[in-house]
Structures are given as C-alpha cells and as structure tokens.
file run.csv (CSV, C-alpha atoms)
chain,number,residue,atom,x,y,z
A,1,MET,CA,17.2,-10.6,-58.4
A,2,MET,CA,20.6,-11.0,-56.8
A,3,THR,CA,23.7,-12.0,-58.8
A,4,ASN,CA,27.2,-12.4,-57.5
A,5,ILE,CA,30.3,-12.2,-59.8
A,6,TYR,CA,33.1,-13.7,-57.9
A,7,PHE,CA,35.8,-13.3,-60.6
A,8,CYS,CA,36.0,-12.0,-64.1
A,9,GLY,CA,39.3,-11.8,-66.0
A,10,TYR,CA,41.5,-12.8,-68.8
A,11,SER,CA,44.4,-15.3,-68.6
A,12,TYR,CA,47.2,-16.2,-71.0
A,13,HIS,CA,49.3,-19.2,-70.2
A,14,THR,CA,52.6,-20.0,-71.8
A,15,ASN,CA,54.4,-22.2,-69.2
A,16,GLY,CA,51.8,-24.7,-68.4
A,17,TYR,CA,48.9,-24.6,-66.0
A,18,HIS,CA,46.7,-27.1,-64.2
A,19,SER,CA,43.6,-26.8,-61.9
A,20,GLN,CA,41.0,-29.3,-60.9
A,21,HIS,CA,37.6,-29.4,-59.1
A,22,LYS,CA,36.9,-33.2,-58.9
A,23,SER,CA,34.3,-32.7,-56.1
A,24,GLY,CA,32.4,-30.2,-58.3
A,25,TYR,CA,32.9,-26.7,-59.4
A,26,PRO,CA,31.3,-24.4,-56.7
A,27,SER,CA,29.6,-21.9,-59.0
A,28,TYR,CA,28.8,-21.2,-62.7
A,29,LEU,CA,31.8,-20.9,-64.9
A,30,PHE,CA,31.9,-19.3,-68.4
A,31,ARG,CA,35.2,-19.7,-70.2
A,32,LEU,CA,35.8,-18.5,-73.8
A,33,GLN,CA,39.0,-19.7,-75.5
A,34,THR,CA,40.3,-16.7,-77.6
A,35,GLU,CA,43.9,-17.9,-78.4
A,36,GLY,CA,45.8,-21.1,-78.6
A,37,ASN,CA,44.3,-24.3,-77.2
A,38,CYS,CA,44.1,-26.4,-74.0
A,39,GLU,CA,42.5,-29.5,-72.5
A,40,VAL,CA,39.5,-29.7,-70.1
A,41,VAL,CA,37.8,-32.5,-68.4
A,42,VAL,CA,34.1,-32.0,-67.7
A,43,LYS,CA,32.1,-34.7,-65.9
A,44,GLY,CA,34.8,-37.2,-66.7
A,45,LYS,CA,35.0,-36.4,-70.4
A,46,LYS,CA,38.2,-34.9,-71.9
A,47,ARG,CA,37.9,-32.2,-74.6
A,48,ASN,CA,40.4,-30.1,-76.5
A,49,LEU,CA,39.4,-26.4,-76.6
A,50,GLU,CA,40.5,-24.2,-79.5
A,51,LYS,CA,39.9,-20.6,-80.5
A,52,GLY,CA,36.2,-19.8,-80.3
A,53,ASP,CA,35.2,-22.6,-78.0
A,54,LEU,CA,32.9,-21.6,-75.2
A,55,LEU,CA,32.8,-23.7,-72.0
A,56,LEU,CA,29.8,-23.5,-69.7
A,57,ILE,CA,30.0,-25.2,-66.3
A,58,LYS,CA,27.2,-25.3,-63.7
A,59,PRO,CA,27.7,-25.8,-59.9
A,60,GLY,CA,28.6,-29.3,-59.0
A,61,ASP,CA,30.2,-30.3,-62.4
A,62,HIS,CA,33.5,-32.0,-62.2
A,63,TYR,CA,36.0,-29.7,-64.0
A,64,GLU,CA,39.7,-29.9,-64.7
A,65,LEU,CA,41.8,-27.6,-66.9
A,66,LEU,CA,45.2,-28.5,-68.3
A,67,VAL,CA,47.6,-26.3,-70.4
A,68,LYS,CA,50.6,-28.3,-71.3
A,69,ALA,CA,54.1,-26.9,-71.1
A,70,GLY,CA,55.0,-25.2,-74.3
A,71,GLN,CA,51.3,-24.7,-75.2
A,72,ASN,CA,49.8,-21.2,-75.5
A,73,SER,CA,46.3,-20.6,-74.2
A,74,GLY,CA,44.3,-17.4,-73.8
A,75,ASP,CA,40.8,-17.1,-72.4
A,76,PHE,CA,38.2,-14.9,-70.9
A,77,HIS,CA,36.5,-16.4,-67.8
A,78,LEU,CA,33.8,-15.5,-65.4
A,79,VAL,CA,32.6,-17.1,-62.1
A,80,CYS,CA,29.2,-16.2,-60.8
A,81,GLU,CA,26.0,-17.4,-59.2
A,82,GLY,CA,22.6,-15.9,-58.3
A,83,THR,CA,18.8,-16.3,-58.7
A,84,TRP,CA,18.7,-14.7,-62.1
A,85,VAL,CA,21.6,-16.9,-63.4
A,86,ASN,CA,19.8,-20.0,-62.0
A,87,GLN,CA,16.6,-19.1,-63.9
A,88,TRP,CA,18.6,-18.3,-67.1
A,89,TRP,CA,20.5,-21.6,-67.0
A,90,SER,CA,17.4,-23.8,-66.3
A,91,ARG,CA,15.2,-22.3,-69.0
A,92,SER,CA,17.1,-24.0,-71.9
A,93,ALA,CA,19.7,-26.6,-72.5
A,94,LYS,CA,23.3,-25.3,-72.2
A,95,PRO,CA,25.9,-27.4,-74.1
A,96,GLU,CA,29.1,-27.8,-72.1
A,97,VAL,CA,31.2,-26.8,-75.2
A,98,SER,CA,30.1,-24.7,-78.2
A,99,ARG,CA,32.1,-23.1,-81.0
A,100,ILE,CA,30.9,-19.5,-81.3
A,101,ASP,CA,32.1,-16.3,-83.2
A,102,LEU,CA,34.5,-14.1,-81.3
A,103,ASP,CA,32.2,-11.2,-81.6
A,104,GLU,CA,33.7,-7.8,-80.5
A,105,LYS,CA,30.5,-6.7,-78.8
A,106,LEU,CA,30.5,-9.9,-76.7
A,107,ILE,CA,34.1,-9.4,-75.8
A,108,ALA,CA,33.4,-5.8,-74.9
A,109,LEU,CA,30.8,-6.9,-72.4
A,110,TRP,CA,33.3,-9.2,-70.8
A,111,ARG,CA,35.9,-6.4,-70.6
A,112,ASN,CA,33.3,-4.0,-69.1
A,113,ILE,CA,32.6,-6.4,-66.4
A,114,MET,CA,36.3,-6.9,-65.8
A,115,ILE,CA,36.8,-3.1,-65.5
A,116,GLU,CA,33.9,-2.7,-63.1
A,117,LYS,CA,35.2,-5.6,-60.9
A,118,ARG,CA,38.6,-3.9,-60.7
A,119,ARG,CA,37.2,-0.9,-59.0
A,120,PRO,CA,37.4,-0.6,-55.2
A,121,SER,CA,34.4,-2.3,-53.6
A,122,SER,CA,33.1,1.1,-52.4
A,123,SER,CA,33.1,2.4,-56.0
A,124,GLN,CA,31.5,-0.7,-57.7
A,125,ASN,CA,28.0,-0.3,-59.1
A,126,GLU,CA,26.4,-3.7,-58.4
A,127,GLU,CA,23.3,-2.8,-60.4
A,128,LEU,CA,25.3,-2.0,-63.4
A,129,THR,CA,27.5,-5.1,-63.0
A,130,GLY,CA,24.3,-7.2,-62.7
A,131,TYR,CA,22.9,-5.9,-65.9
A,132,LEU,CA,26.2,-6.4,-67.7
A,133,LEU,CA,26.2,-10.0,-66.6
A,134,ARG,CA,22.7,-10.5,-67.8
A,135,ALA,CA,23.6,-9.0,-71.2
A,136,LEU,CA,26.6,-11.3,-71.4
A,137,CYS,CA,24.6,-14.4,-70.5
A,138,LEU,CA,21.9,-13.5,-73.1
A,139,SER,CA,24.6,-12.8,-75.7
A,140,LEU,CA,26.3,-16.1,-75.0
A,141,GLU,CA,23.0,-17.9,-75.3
A,142,ARG,CA,22.3,-16.3,-78.7
A,143,ALA,CA,25.8,-17.1,-79.9
A,144,VAL,CA,25.3,-20.7,-78.9
A,145,ASN,CA,21.9,-21.0,-80.5
A,146,GLU,CA,23.1,-19.5,-83.7
A,147,THR,CA,25.8,-22.2,-84.1
A,148,VAL,CA,23.1,-24.9,-84.2
A,149,PRO,CA,22.0,-25.4,-87.8
A,150,THR,CA,18.3,-26.0,-88.6
A,151,VAL,CA,16.6,-27.4,-91.7
A,152,ASN,CA,15.7,-23.9,-93.0
A,153,LEU,CA,18.5,-21.8,-91.5
A,154,PRO,CA,22.0,-23.1,-91.7
A,155,TYR,CA,24.7,-21.6,-89.5
A,156,THR,CA,26.4,-19.9,-92.5
A,157,VAL,CA,23.1,-18.1,-93.3
A,158,THR,CA,22.8,-16.9,-89.8
A,159,ARG,CA,26.3,-15.5,-90.0
A,160,MET,CA,25.4,-13.7,-93.2
A,161,MET,CA,22.2,-12.3,-91.7
A,162,ARG,CA,24.1,-11.0,-88.6
A,163,TYR,CA,26.7,-9.4,-90.8
A,164,ILE,CA,24.1,-7.6,-92.9
A,165,GLU,CA,22.2,-6.4,-89.8
A,166,GLU,CA,25.4,-5.0,-88.4
A,167,HIS,CA,26.6,-3.3,-91.6
A,168,ALA,CA,23.3,-2.4,-93.3
A,169,THR,CA,23.5,1.3,-92.7
A,170,THR,CA,27.1,1.5,-94.2
A,171,PRO,CA,28.3,0.6,-97.6
A,172,PHE,CA,29.3,-3.1,-98.1
A,173,LYS,CA,29.5,-5.6,-100.9
A,174,ILE,CA,28.1,-9.1,-101.3
A,175,GLU,CA,31.7,-10.2,-101.4
A,176,ASP,CA,32.1,-9.0,-97.8
A,177,VAL,CA,29.1,-11.0,-96.7
A,178,ALA,CA,30.3,-14.2,-98.5
A,179,ARG,CA,33.8,-13.8,-97.0
A,180,HIS,CA,32.4,-13.5,-93.5
A,181,ALA,CA,30.5,-16.7,-94.0
A,182,GLY,CA,33.4,-18.5,-95.6
A,183,LEU,CA,31.6,-19.1,-98.9
A,184,SER,CA,32.0,-18.2,-102.5
A,185,VAL,CA,29.8,-15.3,-103.8
A,186,SER,CA,27.6,-17.5,-105.9
A,187,ARG,CA,27.1,-20.1,-103.1
A,188,SER,CA,26.3,-17.4,-100.6
A,189,VAL,CA,23.8,-15.7,-102.9
A,190,HIS,CA,22.0,-19.0,-103.6
A,191,LEU,CA,22.0,-20.2,-100.1
A,192,PHE,CA,20.7,-17.0,-98.6
A,193,LYS,CA,17.9,-16.7,-101.1
A,194,ILE,CA,16.6,-20.3,-100.7
A,195,SER,CA,17.0,-20.1,-96.8
A,196,VAL,CA,15.6,-16.6,-96.1
A,197,GLY,CA,13.2,-16.3,-99.1
A,198,LYS,CA,14.7,-13.0,-100.2
A,199,THR,CA,17.9,-11.7,-101.6
A,200,MET,CA,20.7,-10.1,-99.5
A,201,MET,CA,19.8,-6.7,-101.0
A,202,GLU,CA,16.1,-7.1,-100.2
A,203,TYR,CA,17.0,-8.0,-96.6
A,204,THR,CA,19.4,-5.1,-96.4
A,205,LEU,CA,16.7,-2.6,-97.7
A,206,GLU,CA,14.3,-3.9,-95.1
A,207,ILE,CA,16.8,-3.1,-92.3
A,208,ARG,CA,17.6,0.3,-93.8
A,209,LEU,CA,13.9,1.2,-94.2
A,210,SER,CA,13.3,0.3,-90.5
A,211,ALA,CA,16.2,2.4,-89.5
A,212,GLY,CA,14.8,5.3,-91.6
A,213,ILE,CA,11.3,5.0,-90.0
A,214,GLU,CA,12.8,5.1,-86.5
A,215,ARG,CA,14.7,8.3,-87.3
A,216,MET,CA,11.6,9.9,-88.9
A,217,LYS,CA,9.6,9.1,-85.8
A,218,TYR,CA,12.0,9.9,-83.1
A,219,THR,CA,14.4,12.5,-84.4
A,220,THR,CA,14.3,15.9,-86.2
A,221,MET,CA,16.9,14.9,-88.7
A,222,SER,CA,16.2,16.0,-92.3
A,223,LEU,CA,15.1,13.4,-94.7
A,224,GLU,CA,18.3,13.9,-96.7
A,225,GLN,CA,20.4,13.2,-93.7
A,226,ILE,CA,18.3,10.2,-92.8
A,227,ALA,CA,18.8,8.8,-96.3
A,228,VAL,CA,22.6,9.1,-95.9
A,229,ASP,CA,22.7,7.8,-92.3
A,230,CYS,CA,20.6,4.7,-93.1
A,231,GLY,CA,22.8,3.6,-96.1
A,232,PHE,CA,20.6,4.8,-99.0
A,233,GLY,CA,23.3,7.2,-100.2
A,234,SER,CA,20.8,9.9,-101.5
A,235,TYR,CA,17.3,11.1,-100.8
A,236,PRO,CA,15.9,10.3,-104.3
A,237,TYR,CA,16.9,6.6,-103.8
A,238,PHE,CA,15.4,6.5,-100.3
A,239,HIS,CA,12.2,8.1,-101.6
A,240,LYS,CA,12.0,5.6,-104.4
A,241,VAL,CA,12.5,2.5,-102.2
A,242,PHE,CA,10.3,3.8,-99.4
A,243,LYS,CA,7.3,4.7,-101.7
A,244,LYS,CA,7.6,1.3,-103.4
A,245,LYS,CA,7.5,-0.5,-100.1
A,246,TYR,CA,4.8,1.5,-98.2
A,247,GLY,CA,2.9,3.3,-101.0
A,248,ILE,CA,3.6,6.7,-99.5
A,249,ALA,CA,6.5,9.2,-99.7
A,250,PRO,CA,8.8,9.6,-96.7
A,251,GLY,CA,7.7,13.2,-96.2
A,252,ALA,CA,4.0,12.3,-96.2
A,253,PHE,CA,4.7,9.4,-93.8
A,254,ARG,CA,6.5,11.7,-91.4
A,255,ARG,CA,3.7,14.2,-91.4
A,256,LYS,CA,1.2,11.5,-90.5
A,257,GLU,CA,3.1,10.4,-87.5

call {"tool": "encode", "arguments": {"input": "run.csv", "output": "structure tokens"}}
result
Amino acid sequence: MMTNIYFCGYSYHTNGYHSQHKSGYPSYLFRLQTEGNCEVVVKGKKRNLEKGDLLLIKPGDHYELLVKAGQNSGDFHLVCEGTWVNQWWSRSAKPEVSRIDLDEKLIALWRNIMIEKRRPSSSQNEELTGYLLRALCLSLERAVNETVPTVNLPYTVTRMMRYIEEHATTPFKIEDVARHAGLSVSRSVHLFKISVGKTMMEYTLEIRLSAGIERMKYTTMSLEQIAVDCGFGSYPYFHKVFKKKYGIAPGAFRRKE
C-alpha cells in the first residue's frame, strides 16, 4: 500500500510565525508540540497548544498556525498521504488535539523518518520509510487512546503499567512508578491494585517470567544469566518464582520445549 511523506521535520520559532490553509489542508498533518506553546485554528475553532499536545489534521480541514512574537514554540511535524494512512485514519476516531506523553521511542521514530527523508532521493529506502510511518501512526494512536480514561483503567494506571513494562527487567522502585504517574506511593499502590487486580510486584513478575520463557525457548543463555537479564537478580529467586507460577522448575521446563 503506497504512502507518501511530503515533509517531516522539527521547527523551533522564537520570532513569531504564521501560516494558514483556509481552503483546507491538502494532506494529513501530524504535529507534536514539544516546547513552548502556540495557537492553532482547526475548522474554525481556536486552541492553545502546549508541551505534549498532539494535533492531527486530515485533508480538507481548515488549519491555521500562529506563534506570537516573543513566544517560543518547538514541534515535530509530518505531512503525508496514501492508501494505508487513509485506512488507518478511518478505522477509529482521531481527536484533533490530544495530550500525550513525550515518549522517547515515539520521538525516535519521528527522528528516523527525518533522517531518511534527508537522504538524496536516489538513496532513500521508500519501503523502510513506509514502515517507519506506519509505526509512528500506530504509536500515536496508542498514545492517544491511553490518554482516554475508562471506568476500570484510569490514565494514571496506564502510565504506571507502561513504566513497569519498560523497566521490568531492570531494578526499579515503587517510588519510581509513583513519581512517573505523578502520585504518592500509597495512592499509586492502592489505585493500581483496585484497577489491575494485582499488585505492581505481581504485574512485574509476570513480565519478568514471560521474558524468561522467551529466552529459555529461543536462546542458549544459561538459566543463571536469564535470571539476571530478566530482573530476578539470582537464579534461586527465579527458580522459586517460576516453580510457584508454573509448577515446574525452569530447567525441567526448558528440557520439555
């Protein structure tokens, strides 16, 4: 499925800036505010964008951007179109403005597309760029969806889950999780348990065990090394947790696979 990226870059304005597309923006526009603030008008509605605000514009939308003199504004932006992007856009509602986490992995995708588009046209890998764009779109979609609270899973709980998933195989403290979610330790512990149905440590151990099973199945790493790499610290503890969960020792499990 063909996709075209017309422009991908980063802008930082300090002396004012203004652009407008009253007759409708010609393509899809993704714009992520990373520094400062600015004003936009989308379909006649004025909004103030601050750090972490993601703007999603579809072809035909009226769009105007204003950075006032003396105002600082930094943003990543990407202009694209194509069959896959059309399908991605139409399969779910896309809010015009969402507040998302400035996740480094998401920013890295944006930067990788920028780097690829800077290459001479003869050296660009359109297939790679297309997959990077898909990864960016899906990552933006997930980021937007995770900012929408539900009855059973508030946004702060989602933030804690993502933090644990990212750091599960390395040492971290409950205080780190709470700080990431902007909560006190006692509040974060209580909210996580009633929302997820398990403690943070139980959730962490599930992720570590899954990582351990993957390594036992698909690598020749020693069990001792797997225990360390997956965050258990030592093989005896890995053995204890694994056997309690699955009723079999890690070594016996590996021999069965």

call {"tool": "atom_distance", "arguments": {"input": "run.csv", "atom1": "CA of Asp75 in chain A", "atom2": "CA of Leu138 in chain A"}}
result
19.3 Å

call {"tool": "closest_residue", "arguments": {"input": "run.csv", "among": "A:Tyr12, A:Tyr203, A:Tyr25, A:Phe172", "to": "Val79 in chain A", "atoms": "all atoms listed in the file"}}
result
A:Tyr25

call {"tool": "closest_residue", "arguments": {"input": "run.csv", "among": "A:Phe238, A:Phe192, A:Tyr218, A:Phe253", "to": "Arg159 in chain A", "atoms": "all atoms listed in the file"}}
result
A:Phe192

call {"tool": "atom_distance", "arguments": {"input": "run.csv", "atom1": "CA of Leu223 in chain A", "atom2": "CA of Met200 in chain A"}}
result
24.6 Å

call {"tool": "atom_distance", "arguments": {"input": "run.csv", "atom1": "CA of Gly9 in chain A", "atom2": "CA of His180 in chain A"}}
result
28.4 Å

call {"tool": "closest_residue", "arguments": {"input": "run.csv", "among": "A:Val41, A:Asn125, A:Arg47, A:Val144", "to": "Ala93 in chain A", "atoms": "only C-alpha atoms"}}
result
A:Val144

call {"tool": "residues_around", "arguments": {"input": "run.csv", "residues": "Thr158 in chain A", "least_positions_apart": "3", "cutoff": "9 Å", "atoms": "only C-alpha atoms", "output": "list in words"}}
result
Glu146, Thr147, Pro149, Leu153, Pro154, Tyr155, Met161, Arg162, Tyr163 and Ala181 of chain A

call {"tool": "residues_around", "arguments": {"input": "run.csv", "residues": "Glu39 in chain A", "least_positions_apart": "5", "cutoff": "12 Å", "atoms": "only C-alpha atoms", "output": "PyMOL selection string"}}
result
chain A and resi 16-20+33+45-50+53+55+63-69+71-73+97

call {"tool": "write_last_selection", "arguments": {"input": "run.csv", "atoms": "C-alpha atoms", "output": "PDB file, keeping the file's coordinate frame"}}
result
ATOM      1  CA  GLY A  16      51.800 -24.700 -68.400  1.00  0.00           C
ATOM      2  CA  TYR A  17      48.900 -24.600 -66.000  1.00  0.00           C
ATOM      3  CA  HIS A  18      46.700 -27.100 -64.200  1.00  0.00           C
ATOM      4  CA  SER A  19      43.600 -26.800 -61.900  1.00  0.00           C
ATOM      5  CA  GLN A  20      41.000 -29.300 -60.900  1.00  0.00           C
ATOM      6  CA  GLN A  33      39.000 -19.700 -75.500  1.00  0.00           C
ATOM      7  CA  LYS A  45      35.000 -36.400 -70.400  1.00  0.00           C
ATOM      8  CA  LYS A  46      38.200 -34.900 -71.900  1.00  0.00           C
ATOM      9  CA  ARG A  47      37.900 -32.200 -74.600  1.00  0.00           C
ATOM     10  CA  ASN A  48      40.400 -30.100 -76.500  1.00  0.00           C
ATOM     11  CA  LEU A  49      39.400 -26.400 -76.600  1.00  0.00           C
ATOM     12  CA  GLU A  50      40.500 -24.200 -79.500  1.00  0.00           C
ATOM     13  CA  ASP A  53      35.200 -22.600 -78.000  1.00  0.00           C
ATOM     14  CA  LEU A  55      32.800 -23.700 -72.000  1.00  0.00           C
ATOM     15  CA  TYR A  63      36.000 -29.700 -64.000  1.00  0.00           C
ATOM     16  CA  GLU A  64      39.700 -29.900 -64.700  1.00  0.00           C
ATOM     17  CA  LEU A  65      41.800 -27.600 -66.900  1.00  0.00           C
ATOM     18  CA  LEU A  66      45.200 -28.500 -68.300  1.00  0.00           C
ATOM     19  CA  VAL A  67      47.600 -26.300 -70.400  1.00  0.00           C
ATOM     20  CA  LYS A  68      50.600 -28.300 -71.300  1.00  0.00           C
ATOM     21  CA  ALA A  69      54.100 -26.900 -71.100  1.00  0.00           C
ATOM     22  CA  GLN A  71      51.300 -24.700 -75.200  1.00  0.00           C
ATOM     23  CA  ASN A  72      49.800 -21.200 -75.500  1.00  0.00           C
ATOM     24  CA  SER A  73      46.300 -20.600 -74.200  1.00  0.00           C
ATOM     25  CA  VAL A  97      31.200 -26.800 -75.200  1.00  0.00           C
TER      26      VAL A  97
END

call {"tool": "residues_near_point", "arguments": {"input": "run.csv", "point": "(19.0, 10.4, -95.0)", "cutoff": "12 Å", "atoms": "all atoms listed in the file", "output": "PyMOL selection string"}}
result
chain A and resi 169+208-209+211-216+219-239+242+250-251

call {"tool": "residues_around", "arguments": {"input": "run.csv", "residues": "Ile5 in chain A", "least_positions_apart": "2", "cutoff": "8 Å", "atoms": "all atoms listed in the file", "output": "VMD selection string"}}
result
chain A and resid 3 7 to 8 78 to 81

call {"tool": "residues_around", "arguments": {"input": "run.csv", "residues": "Phe76 in chain A", "least_positions_apart": "4", "cutoff": "10 Å", "atoms": "only C-alpha atoms", "output": "PyMOL selection string"}}
result
chain A and resi 8-12+30-35+54+107+110-111+114

call {"tool": "closest_residue", "arguments": {"input": "run.csv", "among": "A:Pro95, A:Gly182, A:Pro171, A:Gly82", "to": "Arg134 in chain A", "atoms": "all atoms listed in the file"}}
result
A:Gly82

call {"tool": "decode", "arguments": {"input": "run.csv", "residues": "range 49-79 of chain A", "atoms": "N, CA and C atoms", "output": "compact mmCIF listing (two decimals), in the first residue's frame"}}
result
# COMPACT_ATOMS: atom_id res chain seq x y z
N LEU A 49 -1.96 25.33 22.11
CA LEU A 49 -1.20 24.08 22.22
C LEU A 49 -0.02 24.27 23.16
N GLU A 50 0.15 23.33 24.06
CA GLU A 50 1.26 23.33 25.00
C GLU A 50 2.06 22.05 24.85
N LYS A 51 3.15 21.95 25.60
CA LYS A 51 4.04 20.79 25.54
C LYS A 51 3.25 19.50 25.73
N GLY A 52 3.41 18.57 24.80
CA GLY A 52 2.72 17.28 24.87
C GLY A 52 1.44 17.22 24.07
N ASP A 53 1.01 18.33 23.47
CA ASP A 53 -0.22 18.34 22.68
C ASP A 53 0.05 17.83 21.27
N LEU A 54 -0.74 16.85 20.86
CA LEU A 54 -0.64 16.26 19.52
C LEU A 54 -1.81 16.76 18.68
N LEU A 55 -1.49 17.32 17.53
CA LEU A 55 -2.50 17.81 16.60
C LEU A 55 -2.57 16.87 15.40
N LEU A 56 -3.78 16.42 15.07
CA LEU A 56 -3.98 15.53 13.93
C LEU A 56 -4.97 16.20 12.97
N ILE A 57 -4.52 16.45 11.75
CA ILE A 57 -5.32 17.13 10.74
C ILE A 57 -5.51 16.20 9.54
N LYS A 58 -6.72 16.13 9.02
CA LYS A 58 -6.97 15.33 7.82
C LYS A 58 -7.12 16.24 6.60
N PRO A 59 -6.97 15.70 5.40
CA PRO A 59 -7.10 16.54 4.20
C PRO A 59 -8.46 17.24 4.17
N GLY A 60 -8.42 18.52 3.85
CA GLY A 60 -9.64 19.30 3.76
C GLY A 60 -9.97 20.11 4.98
N ASP A 61 -9.30 19.83 6.11
CA ASP A 61 -9.55 20.59 7.34
C ASP A 61 -8.96 22.00 7.23
N HIS A 62 -9.73 22.98 7.65
CA HIS A 62 -9.21 24.34 7.76
C HIS A 62 -8.18 24.36 8.88
N TYR A 63 -7.02 24.96 8.62
CA TYR A 63 -5.92 24.93 9.59
C TYR A 63 -5.15 26.22 9.54
N GLU A 64 -4.87 26.75 10.72
CA GLU A 64 -4.07 27.98 10.83
C GLU A 64 -3.17 27.86 12.06
N LEU A 65 -1.92 28.26 11.91
CA LEU A 65 -0.94 28.21 12.99
C LEU A 65 -0.41 29.61 13.27
N LEU A 66 -0.36 29.97 14.56
CA LEU A 66 0.14 31.28 14.93
C LEU A 66 1.07 31.16 16.13
N VAL A 67 2.33 31.59 15.93
CA VAL A 67 3.27 31.74 17.03
C VAL A 67 3.50 33.24 17.18
N LYS A 68 3.10 33.79 18.31
CA LYS A 68 3.20 35.23 18.50
C LYS A 68 4.65 35.66 18.73
N ALA A 69 4.94 36.90 18.38
CA ALA A 69 6.26 37.46 18.61
C ALA A 69 6.60 37.39 20.10
N GLY A 70 7.81 36.93 20.42
CA GLY A 70 8.22 36.78 21.80
C GLY A 70 7.83 35.45 22.40
N GLN A 71 7.09 34.65 21.64
CA GLN A 71 6.66 33.33 22.10
C GLN A 71 7.60 32.27 21.55
N ASN A 72 7.96 31.29 22.35
CA ASN A 72 8.80 30.19 21.88
C ASN A 72 7.92 28.97 21.59
N SER A 73 8.20 28.29 20.49
CA SER A 73 7.40 27.12 20.12
C SER A 73 8.26 26.13 19.36
N GLY A 74 8.31 24.89 19.86
CA GLY A 74 9.04 23.83 19.18
C GLY A 74 8.11 22.66 18.90
N ASP A 75 8.24 22.08 17.70
CA ASP A 75 7.35 20.96 17.36
C ASP A 75 7.96 20.05 16.30
N PHE A 76 7.58 18.78 16.38
CA PHE A 76 7.81 17.83 15.30
C PHE A 76 6.56 17.83 14.43
N HIS A 77 6.74 17.73 13.12
CA HIS A 77 5.59 17.69 12.24
C HIS A 77 5.87 16.80 11.04
N LEU A 78 4.80 16.26 10.49
CA LEU A 78 4.91 15.34 9.36
C LEU A 78 3.69 15.50 8.48
N VAL A 79 3.91 15.59 7.18
CA VAL A 79 2.84 15.73 6.20
C VAL A 79 2.88 14.51 5.28
